[in-house]
Amino acid sequence: MDNNIEIKLGNVGMIYQADSNEVTALTGVSLNIQKGEFISLLGPSGCGKTTLLRIVADLLKSTSGEVLIEGNTPETARLDRKYGMVFQSPVLYQWRTVRKNIELPLELMKVKKEDRRARAEKMLELVGLSKFADHYPHQLSGGMQQRVGIARALAIRPEILLMDEPFSALDEFTREKLHEDLLRIWSKTNKTVIFVTHNIAEAVFLSDRVCVLSPHPGRLSAVVDINLSRPRTQDIKDSHEFTALVSKVRNSFEGV
Ligand SMILES: Nc1ncnc2c1ncn2[C@@H]1O[C@H](COP(=O)(O)OP(=O)(O)OP(=O)(O)O)[C@@H](O)[C@H]1O
């Protein structure tokens, strides 16, 4: 086995039972994800992106196939706290300060107070919010709240960061800034990232590989290598290579 493979998906399928109907959300998804890789799951609404992310996270069990996280089940990986999750809405506790929101998972893990404090400080610095540690969520912009969500996910020191359309509710300017910030954080922390999106340019800008999911039924129709140099800044979007990759990804959808 390749020691560098962190996540192995073998012929993963998911059939939901909805009343008397069956919905095939995913069929035959096979993919190996390397440690430290930045992967996007890209596709239109209903192609099974969230389903696949939830299967990896052990929030759902696939109905066929196999998922291995460093050779173990997703359940083992979850219990070992290998996952950090970031959702479209950061779900912050309004009565807790930014610092206290970031400390919350550490409290649940019974991490000592001084250690919690120190880790939260480090995370605040990483996401550029040190000055806002004692603010409450409603005092922050949407982009800042999402940074708190990222800091909280990273506080438990997960190996794998699972992100479900984390920036889709943000305006274009904020989103672009967060793209660059996320890449900086990723390069500093060496996490494996699975990033769900339906935005082609976002997937190309961020990823090492873009996994294209096509609908009816949800399946992996292509995996496109994004061999753009790093670090990446917004001006890369003006390059011929970038536009060529966006076209290549767009042309790899089937039945959309
Ligand atoms: N709990 C459920 N019961 C029945 N069908 C479901 C359930 N959850 C999802 N589905 C169906 O499975 C398919 C894939 O859904 P999923 O949410 O994974 O897609 P998605 O690509 O993440 O979509 P979106 O971009 O809109 O979030 C869809 O047809 C959806 O209707």
# chains A, B, ... in the order shown; residues from 1 in each chain; ligands from 1
>>> residues_near_ligand(ligand="ligand 1", cutoff="12 Å", atoms="only C-alpha atoms and all ligand atoms", output="number ranges by chain")
A: 13-27, 41-55, 59-62, 87-88, 163-166, 168, 195-199, 212-220
>>> residues_around(residues="Gly84 of chain A", least_positions_apart="3", cutoff="12 Å", atoms="only C-alpha atoms", output="PyMOL selection string")
chain A and resi 53+56-57+77-81+87+105+149-164+191-195
>>> write_last_selection(atoms="C-alpha atoms", output="mmCIF file, in the first residue's frame")
data_model
loop_
_atom_site.group_PDB
_atom_site.id
_atom_site.type_symbol
_atom_site.label_atom_id
_atom_site.label_comp_id
_atom_site.auth_asym_id
_atom_site.auth_seq_id
_atom_site.Cartn_x
_atom_site.Cartn_y
_atom_site.Cartn_z
ATOM 1 C CA LEU A 53 -18.210 14.309 2.191
ATOM 2 C CA VAL A 56 -15.888 10.287 4.558
ATOM 3 C CA ALA A 57 -16.732 12.141 7.803
ATOM 4 C CA ALA A 77 -10.865 8.197 12.202
ATOM 5 C CA ARG A 78 -13.730 10.215 13.689
ATOM 6 C CA LEU A 79 -13.145 8.817 17.157
ATOM 7 C CA ASP A 80 -9.420 9.601 16.744
ATOM 8 C CA ARG A 81 -10.457 13.199 15.958
ATOM 9 C CA PHE A 87 -19.825 24.202 6.862
ATOM 10 C CA PRO A 105 -14.199 21.668 21.053
ATOM 11 C CA GLY A 149 -15.292 28.466 11.884
ATOM 12 C CA ILE A 150 -11.987 27.489 10.254
ATOM 13 C CA ALA A 151 -10.016 28.298 13.425
ATOM 14 C CA ARG A 152 -12.413 26.198 15.506
ATOM 15 C CA ALA A 153 -12.130 23.267 13.088
ATOM 16 C CA LEU A 154 -8.328 23.445 13.211
ATOM 17 C CA ALA A 155 -8.133 23.847 17.001
ATOM 18 C CA ILE A 156 -8.430 20.104 17.599
ATOM 19 C CA ARG A 157 -5.436 19.575 15.276
ATOM 20 C CA PRO A 158 -7.234 17.349 12.782
ATOM 21 C CA GLU A 159 -5.299 15.712 9.953
ATOM 22 C CA ILE A 160 -8.154 16.141 7.504
ATOM 23 C CA LEU A 161 -10.171 19.280 6.913
ATOM 24 C CA LEU A 162 -13.593 18.678 5.349
ATOM 25 C CA MET A 163 -15.169 21.843 3.955
ATOM 26 C CA ASP A 164 -18.738 21.939 2.601
ATOM 27 C CA LYS A 191 -3.696 19.311 6.277
ATOM 28 C CA THR A 192 -5.409 17.108 3.746
ATOM 29 C CA VAL A 193 -8.374 19.135 2.487
ATOM 30 C CA ILE A 194 -11.592 17.993 0.799
ATOM 31 C CA PHE A 195 -13.435 21.084 -0.376
#
>>> select_by_dssp(residues="segment 95-250 of chain A", states="helix (DSSP H, G or I)", output="PyMOL selection string")
chain A and resi 98-108+113-126+130-132+137-139+142-155+172-189+200-206+234-238+240-250
>>> select_by_dssp(residues="segment 15-204 of chain A", states="strand (DSSP E)", output="PDB file with N, CA and C atoms, in the first residue's frame")
ATOM      1  N   ILE A  15     -27.332   4.691  -1.811  1.00  0.00           N
ATOM      2  CA  ILE A  15     -28.747   4.714  -2.221  1.00  0.00           C
ATOM      3  C   ILE A  15     -29.561   5.148  -1.019  1.00  0.00           C
ATOM      4  N   TYR A  16     -30.282   6.250  -1.158  1.00  0.00           N
ATOM      5  CA  TYR A  16     -31.184   6.693  -0.090  1.00  0.00           C
ATOM      6  C   TYR A  16     -32.546   6.038  -0.300  1.00  0.00           C
ATOM      7  N   GLN A  17     -33.179   5.684   0.806  1.00  0.00           N
ATOM      8  CA  GLN A  17     -34.559   5.193   0.746  1.00  0.00           C
ATOM      9  C   GLN A  17     -35.448   6.376   1.111  1.00  0.00           C
ATOM     10  N   ALA A  18     -36.213   6.870   0.154  1.00  0.00           N
ATOM     11  CA  ALA A  18     -37.120   7.970   0.454  1.00  0.00           C
ATOM     12  C   ALA A  18     -38.539   7.454   0.219  1.00  0.00           C
ATOM     13  N   ASN A  21     -39.492   5.173  -2.620  1.00  0.00           N
ATOM     14  CA  ASN A  21     -38.536   5.368  -3.717  1.00  0.00           C
ATOM     15  C   ASN A  21     -37.102   5.158  -3.254  1.00  0.00           C
ATOM     16  N   GLU A  22     -36.266   4.766  -4.203  1.00  0.00           N
ATOM     17  CA  GLU A  22     -34.833   4.723  -3.941  1.00  0.00           C
ATOM     18  C   GLU A  22     -34.173   5.834  -4.742  1.00  0.00           C
ATOM     19  N   VAL A  23     -33.265   6.580  -4.109  1.00  0.00           N
ATOM     20  CA  VAL A  23     -32.512   7.601  -4.838  1.00  0.00           C
ATOM     21  C   VAL A  23     -31.046   7.179  -4.845  1.00  0.00           C
ATOM     22  N   THR A  24     -30.526   6.951  -6.061  1.00  0.00           N
ATOM     23  CA  THR A  24     -29.103   6.607  -6.153  1.00  0.00           C
ATOM     24  C   THR A  24     -28.321   7.915  -6.162  1.00  0.00           C
ATOM     25  N   ALA A  25     -27.746   8.250  -5.006  1.00  0.00           N
ATOM     26  CA  ALA A  25     -27.029   9.525  -4.885  1.00  0.00           C
ATOM     27  C   ALA A  25     -25.608   9.397  -5.409  1.00  0.00           C
ATOM     28  N   LEU A  26     -25.020   8.213  -5.256  1.00  0.00           N
ATOM     29  CA  LEU A  26     -23.636   8.014  -5.717  1.00  0.00           C
ATOM     30  C   LEU A  26     -23.494   6.593  -6.225  1.00  0.00           C
ATOM     31  N   THR A  27     -22.683   6.446  -7.271  1.00  0.00           N
ATOM     32  CA  THR A  27     -22.399   5.089  -7.739  1.00  0.00           C
ATOM     33  C   THR A  27     -20.937   4.973  -8.172  1.00  0.00           C
ATOM     34  N   GLY A  28     -20.296   3.899  -7.737  1.00  0.00           N
ATOM     35  CA  GLY A  28     -18.941   3.546  -8.200  1.00  0.00           C
ATOM     36  C   GLY A  28     -17.882   4.616  -8.061  1.00  0.00           C
ATOM     37  N   VAL A  29     -17.828   5.295  -6.911  1.00  0.00           N
ATOM     38  CA  VAL A  29     -16.812   6.350  -6.744  1.00  0.00           C
ATOM     39  C   VAL A  29     -15.527   5.740  -6.173  1.00  0.00           C
ATOM     40  N   SER A  30     -14.453   5.795  -6.955  1.00  0.00           N
ATOM     41  CA  SER A  30     -13.152   5.308  -6.485  1.00  0.00           C
ATOM     42  C   SER A  30     -12.134   6.427  -6.618  1.00  0.00           C
ATOM     43  N   LEU A  31     -11.374   6.613  -5.550  1.00  0.00           N
ATOM     44  CA  LEU A  31     -10.404   7.724  -5.536  1.00  0.00           C
ATOM     45  C   LEU A  31      -9.427   7.516  -4.394  1.00  0.00           C
ATOM     46  N   ASN A  32      -8.141   7.779  -4.650  1.00  0.00           N
ATOM     47  CA  ASN A  32      -7.156   7.795  -3.576  1.00  0.00           C
ATOM     48  C   ASN A  32      -6.714   9.229  -3.349  1.00  0.00           C
ATOM     49  N   ILE A  33      -6.734   9.658  -2.107  1.00  0.00           N
ATOM     50  CA  ILE A  33      -6.324  11.030  -1.787  1.00  0.00           C
ATOM     51  C   ILE A  33      -5.043  10.966  -0.965  1.00  0.00           C
ATOM     52  N   GLN A  34      -4.029  11.711  -1.416  1.00  0.00           N
ATOM     53  CA  GLN A  34      -2.726  11.692  -0.742  1.00  0.00           C
ATOM     54  C   GLN A  34      -2.746  12.578   0.500  1.00  0.00           C
ATOM     55  N   PHE A  38      -4.842  18.888  -1.574  1.00  0.00           N
ATOM     56  CA  PHE A  38      -6.024  19.747  -1.573  1.00  0.00           C
ATOM     57  C   PHE A  38      -6.902  19.285  -2.737  1.00  0.00           C
ATOM     58  N   ILE A  39      -8.039  18.677  -2.367  1.00  0.00           N
ATOM     59  CA  ILE A  39      -8.945  18.088  -3.363  1.00  0.00           C
ATOM     60  C   ILE A  39     -10.262  18.856  -3.352  1.00  0.00           C
ATOM     61  N   SER A  40     -10.819  19.123  -4.518  1.00  0.00           N
ATOM     62  CA  SER A  40     -12.184  19.669  -4.546  1.00  0.00           C
ATOM     63  C   SER A  40     -13.140  18.630  -5.094  1.00  0.00           C
ATOM     64  N   LEU A  41     -14.339  18.597  -4.522  1.00  0.00           N
ATOM     65  CA  LEU A  41     -15.444  17.839  -5.111  1.00  0.00           C
ATOM     66  C   LEU A  41     -16.337  18.879  -5.760  1.00  0.00           C
ATOM     67  N   LEU A  42     -16.398  18.833  -7.082  1.00  0.00           N
ATOM     68  CA  LEU A  42     -17.088  19.882  -7.833  1.00  0.00           C
ATOM     69  C   LEU A  42     -18.253  19.290  -8.613  1.00  0.00           C
ATOM     70  N   SER A  64     -22.699   0.871  -0.378  1.00  0.00           N
ATOM     71  CA  SER A  64     -21.801  -0.118  -0.987  1.00  0.00           C
ATOM     72  C   SER A  64     -20.393   0.469  -1.071  1.00  0.00           C
ATOM     73  N   GLY A  65     -19.427  -0.422  -1.299  1.00  0.00           N
ATOM     74  CA  GLY A  65     -18.042   0.019  -1.440  1.00  0.00           C
ATOM     75  C   GLY A  65     -17.348   0.200  -0.101  1.00  0.00           C
ATOM     76  N   GLU A  66     -16.142   0.759  -0.164  1.00  0.00           N
ATOM     77  CA  GLU A  66     -15.294   0.830   1.027  1.00  0.00           C
ATOM     78  C   GLU A  66     -14.634   2.203   1.143  1.00  0.00           C
ATOM     79  N   VAL A  67     -14.572   2.685   2.365  1.00  0.00           N
ATOM     80  CA  VAL A  67     -13.851   3.934   2.639  1.00  0.00           C
ATOM     81  C   VAL A  67     -12.823   3.630   3.712  1.00  0.00           C
ATOM     82  N   LEU A  68     -11.552   3.946   3.428  1.00  0.00           N
ATOM     83  CA  LEU A  68     -10.503   3.732   4.422  1.00  0.00           C
ATOM     84  C   LEU A  68      -9.750   5.029   4.668  1.00  0.00           C
ATOM     85  N   ILE A  69      -9.530   5.309   5.933  1.00  0.00           N
ATOM     86  CA  ILE A  69      -8.757   6.491   6.324  1.00  0.00           C
ATOM     87  C   ILE A  69      -7.490   5.957   6.983  1.00  0.00           C
ATOM     88  N   TYR A  83     -10.820  14.472  11.922  1.00  0.00           N
ATOM     89  CA  TYR A  83     -11.557  15.378  11.041  1.00  0.00           C
ATOM     90  C   TYR A  83     -11.821  16.737  11.678  1.00  0.00           C
ATOM     91  N   GLY A  84     -11.626  17.774  10.886  1.00  0.00           N
ATOM     92  CA  GLY A  84     -12.148  19.095  11.232  1.00  0.00           C
ATOM     93  C   GLY A  84     -13.182  19.412  10.172  1.00  0.00           C
ATOM     94  N   MET A  85     -14.346  19.953  10.591  1.00  0.00           N
ATOM     95  CA  MET A  85     -15.399  20.220   9.612  1.00  0.00           C
ATOM     96  C   MET A  85     -15.709  21.709   9.557  1.00  0.00           C
ATOM     97  N   VAL A  86     -15.876  22.208   8.332  1.00  0.00           N
ATOM     98  CA  VAL A  86     -16.292  23.602   8.135  1.00  0.00           C
ATOM     99  C   VAL A  86     -17.505  23.578   7.201  1.00  0.00           C
ATOM    100  N   ILE A 160      -7.357  15.982   8.725  1.00  0.00           N
ATOM    101  CA  ILE A 160      -8.154  16.141   7.504  1.00  0.00           C
ATOM    102  C   ILE A 160      -9.176  17.246   7.731  1.00  0.00           C
ATOM    103  N   LEU A 161      -9.202  18.190   6.814  1.00  0.00           N
ATOM    104  CA  LEU A 161     -10.171  19.280   6.913  1.00  0.00           C
ATOM    105  C   LEU A 161     -11.235  19.064   5.837  1.00  0.00           C
ATOM    106  N   LEU A 162     -12.486  18.919   6.273  1.00  0.00           N
ATOM    107  CA  LEU A 162     -13.593  18.678   5.349  1.00  0.00           C
ATOM    108  C   LEU A 162     -14.422  19.959   5.278  1.00  0.00           C
ATOM    109  N   MET A 163     -14.534  20.527   4.082  1.00  0.00           N
ATOM    110  CA  MET A 163     -15.169  21.843   3.955  1.00  0.00           C
ATOM    111  C   MET A 163     -16.340  21.761   2.973  1.00  0.00           C
ATOM    112  N   ASP A 164     -17.547  22.055   3.438  1.00  0.00           N
ATOM    113  CA  ASP A 164     -18.738  21.939   2.601  1.00  0.00           C
ATOM    114  C   ASP A 164     -19.242  23.317   2.177  1.00  0.00           C
ATOM    115  N   THR A 192      -4.766  17.610   4.949  1.00  0.00           N
ATOM    116  CA  THR A 192      -5.409  17.108   3.746  1.00  0.00           C
ATOM    117  C   THR A 192      -6.765  17.796   3.699  1.00  0.00           C
ATOM    118  N   VAL A 193      -7.110  18.398   2.561  1.00  0.00           N
ATOM    119  CA  VAL A 193      -8.374  19.135   2.487  1.00  0.00           C
ATOM    120  C   VAL A 193      -9.288  18.525   1.428  1.00  0.00           C
ATOM    121  N   ILE A 194     -10.549  18.296   1.800  1.00  0.00           N
ATOM    122  CA  ILE A 194     -11.592  17.993   0.799  1.00  0.00           C
ATOM    123  C   ILE A 194     -12.568  19.157   0.847  1.00  0.00           C
ATOM    124  N   PHE A 195     -12.699  19.829  -0.295  1.00  0.00           N
ATOM    125  CA  PHE A 195     -13.435  21.084  -0.376  1.00  0.00           C
ATOM    126  C   PHE A 195     -14.591  20.908  -1.366  1.00  0.00           C
ATOM    127  N   VAL A 196     -15.811  21.033  -0.883  1.00  0.00           N
ATOM    128  CA  VAL A 196     -16.986  20.870  -1.743  1.00  0.00           C
ATOM    129  C   VAL A 196     -17.407  22.222  -2.308  1.00  0.00           C
ATOM    130  N   THR A 197     -17.629  22.255  -3.608  1.00  0.00           N
ATOM    131  CA  THR A 197     -18.060  23.516  -4.222  1.00  0.00           C
ATOM    132  C   THR A 197     -18.812  23.248  -5.529  1.00  0.00           C
TER     133      THR A 197
END
>>> atom_distance(atom1="atom CA of Glu37 of chain A", atom2="atom CA of Arg175 of chain A")
21.1 Å
>>> closest_residue(among="A:Ile200, A:Phe132, A:Asp235, A:Glu114", to="Ser252 of chain A", atoms="only C-alpha atoms")
A:Ile200
>>> closest_residue(among="A:Ser130, A:Phe205, A:Arg117, A:Pro137", to="Thr97 of chain A", atoms="only C-alpha atoms")
A:Pro137
>>> atom_distance(atom1="atom CA of Val91 of chain A", atom2="atom CA of Glu176 of chain A")
21.5 Å
>>> atom_distance(atom1="atom CA of Leu92 of chain A", atom2="atom CA of Leu178 of chain A")
18.1 Å
>>> closest_residue(among="A:Thr76, A:Asn11, A:Leu228, A:Val223", to="Phe242 of chain A", atoms="only C-alpha atoms")
A:Leu228
>>> decode(residues="segment 11-99 of chain A", atoms="C-alpha atoms", output="PDB file, in the first residue's frame")
ATOM      1  CA  ASN A  11     -16.369   1.785  -5.502  1.00  0.00           C
ATOM      2  CA  VAL A  12     -18.434   3.827  -3.045  1.00  0.00           C
ATOM      3  CA  GLY A  13     -22.173   3.924  -3.632  1.00  0.00           C
ATOM      4  CA  MET A  14     -25.063   5.465  -1.776  1.00  0.00           C
ATOM      5  CA  ILE A  15     -28.747   4.714  -2.221  1.00  0.00           C
ATOM      6  CA  TYR A  16     -31.184   6.693  -0.090  1.00  0.00           C
ATOM      7  CA  GLN A  17     -34.559   5.193   0.746  1.00  0.00           C
ATOM      8  CA  ALA A  18     -37.120   7.970   0.454  1.00  0.00           C
ATOM      9  CA  ASP A  19     -40.602   6.608   1.257  1.00  0.00           C
ATOM     10  CA  SER A  20     -41.099   3.862  -1.313  1.00  0.00           C
ATOM     11  CA  ASN A  21     -38.536   5.368  -3.717  1.00  0.00           C
ATOM     12  CA  GLU A  22     -34.833   4.723  -3.941  1.00  0.00           C
ATOM     13  CA  VAL A  23     -32.512   7.601  -4.838  1.00  0.00           C
ATOM     14  CA  THR A  24     -29.103   6.607  -6.153  1.00  0.00           C
ATOM     15  CA  ALA A  25     -27.029   9.525  -4.885  1.00  0.00           C
ATOM     16  CA  LEU A  26     -23.636   8.014  -5.717  1.00  0.00           C
ATOM     17  CA  THR A  27     -22.399   5.089  -7.739  1.00  0.00           C
ATOM     18  CA  GLY A  28     -18.941   3.546  -8.200  1.00  0.00           C
ATOM     19  CA  VAL A  29     -16.812   6.350  -6.744  1.00  0.00           C
ATOM     20  CA  SER A  30     -13.152   5.308  -6.485  1.00  0.00           C
ATOM     21  CA  LEU A  31     -10.404   7.724  -5.536  1.00  0.00           C
ATOM     22  CA  ASN A  32      -7.156   7.795  -3.576  1.00  0.00           C
ATOM     23  CA  ILE A  33      -6.324  11.030  -1.787  1.00  0.00           C
ATOM     24  CA  GLN A  34      -2.726  11.692  -0.742  1.00  0.00           C
ATOM     25  CA  LYS A  35      -1.686  13.094   2.610  1.00  0.00           C
ATOM     26  CA  GLY A  36      -1.552  16.863   2.447  1.00  0.00           C
ATOM     27  CA  GLU A  37      -3.438  17.045  -0.838  1.00  0.00           C
ATOM     28  CA  PHE A  38      -6.024  19.747  -1.573  1.00  0.00           C
ATOM     29  CA  ILE A  39      -8.945  18.088  -3.363  1.00  0.00           C
ATOM     30  CA  SER A  40     -12.184  19.669  -4.546  1.00  0.00           C
ATOM     31  CA  LEU A  41     -15.444  17.839  -5.111  1.00  0.00           C
ATOM     32  CA  LEU A  42     -17.088  19.882  -7.833  1.00  0.00           C
ATOM     33  CA  GLY A  43     -20.500  19.486  -9.381  1.00  0.00           C
ATOM     34  CA  PRO A  44     -24.008  20.849  -9.841  1.00  0.00           C
ATOM     35  CA  SER A  45     -26.688  20.624  -7.200  1.00  0.00           C
ATOM     36  CA  GLY A  46     -27.741  17.069  -6.443  1.00  0.00           C
ATOM     37  CA  CYS A  47     -24.665  15.252  -7.819  1.00  0.00           C
ATOM     38  CA  GLY A  48     -23.797  13.836  -4.391  1.00  0.00           C
ATOM     39  CA  LYS A  49     -20.968  16.108  -3.182  1.00  0.00           C
ATOM     40  CA  THR A  50     -22.322  16.527   0.329  1.00  0.00           C
ATOM     41  CA  THR A  51     -23.254  12.862   0.486  1.00  0.00           C
ATOM     42  CA  LEU A  52     -19.669  11.871  -0.334  1.00  0.00           C
ATOM     43  CA  LEU A  53     -18.210  14.309   2.191  1.00  0.00           C
ATOM     44  CA  ARG A  54     -20.565  13.011   4.885  1.00  0.00           C
ATOM     45  CA  ILE A  55     -19.579   9.423   4.112  1.00  0.00           C
ATOM     46  CA  VAL A  56     -15.888  10.287   4.558  1.00  0.00           C
ATOM     47  CA  ALA A  57     -16.732  12.141   7.803  1.00  0.00           C
ATOM     48  CA  ASP A  58     -18.641   9.132   9.177  1.00  0.00           C
ATOM     49  CA  LEU A  59     -21.833  11.146   9.367  1.00  0.00           C
ATOM     50  CA  LEU A  60     -23.374   8.689   6.882  1.00  0.00           C
ATOM     51  CA  LYS A  61     -22.652   5.063   6.001  1.00  0.00           C
ATOM     52  CA  SER A  62     -22.292   4.256   2.307  1.00  0.00           C
ATOM     53  CA  THR A  63     -24.591   1.493   1.067  1.00  0.00           C
ATOM     54  CA  SER A  64     -21.801  -0.118  -0.987  1.00  0.00           C
ATOM     55  CA  GLY A  65     -18.042   0.019  -1.440  1.00  0.00           C
ATOM     56  CA  GLU A  66     -15.294   0.830   1.027  1.00  0.00           C
ATOM     57  CA  VAL A  67     -13.851   3.934   2.639  1.00  0.00           C
ATOM     58  CA  LEU A  68     -10.503   3.732   4.422  1.00  0.00           C
ATOM     59  CA  ILE A  69      -8.757   6.491   6.324  1.00  0.00           C
ATOM     60  CA  GLU A  70      -5.119   5.462   6.737  1.00  0.00           C
ATOM     61  CA  GLY A  71      -6.320   1.873   6.530  1.00  0.00           C
ATOM     62  CA  ASN A  72      -9.051   2.307   9.164  1.00  0.00           C
ATOM     63  CA  THR A  73     -12.775   2.914   9.032  1.00  0.00           C
ATOM     64  CA  PRO A  74     -14.189   6.455   9.006  1.00  0.00           C
ATOM     65  CA  GLU A  75     -15.625   5.708  12.450  1.00  0.00           C
ATOM     66  CA  THR A  76     -12.149   5.029  13.851  1.00  0.00           C
ATOM     67  CA  ALA A  77     -10.865   8.197  12.202  1.00  0.00           C
ATOM     68  CA  ARG A  78     -13.730  10.215  13.689  1.00  0.00           C
ATOM     69  CA  LEU A  79     -13.145   8.817  17.157  1.00  0.00           C
ATOM     70  CA  ASP A  80      -9.420   9.601  16.744  1.00  0.00           C
ATOM     71  CA  ARG A  81     -10.457  13.199  15.958  1.00  0.00           C
ATOM     72  CA  LYS A  82      -8.854  13.163  12.556  1.00  0.00           C
ATOM     73  CA  TYR A  83     -11.557  15.378  11.041  1.00  0.00           C
ATOM     74  CA  GLY A  84     -12.148  19.095  11.232  1.00  0.00           C
ATOM     75  CA  MET A  85     -15.399  20.220   9.612  1.00  0.00           C
ATOM     76  CA  VAL A  86     -16.292  23.602   8.135  1.00  0.00           C
ATOM     77  CA  PHE A  87     -19.825  24.202   6.862  1.00  0.00           C
ATOM     78  CA  GLN A  88     -21.491  26.825   4.703  1.00  0.00           C
ATOM     79  CA  SER A  89     -22.682  28.568   7.839  1.00  0.00           C
ATOM     80  CA  PRO A  90     -20.143  28.572  10.672  1.00  0.00           C
ATOM     81  CA  VAL A  91     -22.772  27.898  13.416  1.00  0.00           C
ATOM     82  CA  LEU A  92     -21.126  29.987  16.110  1.00  0.00           C
ATOM     83  CA  TYR A  93     -22.500  30.336  19.616  1.00  0.00           C
ATOM     84  CA  GLN A  94     -23.700  33.923  19.883  1.00  0.00           C
ATOM     85  CA  TRP A  95     -23.243  34.142  23.659  1.00  0.00           C
ATOM     86  CA  ARG A  96     -19.600  33.055  23.460  1.00  0.00           C
ATOM     87  CA  THR A  97     -16.745  35.295  22.426  1.00  0.00           C
ATOM     88  CA  VAL A  98     -14.662  34.413  19.374  1.00  0.00           C
ATOM     89  CA  ARG A  99     -11.979  32.956  21.644  1.00  0.00           C
TER      90      ARG A  99
END
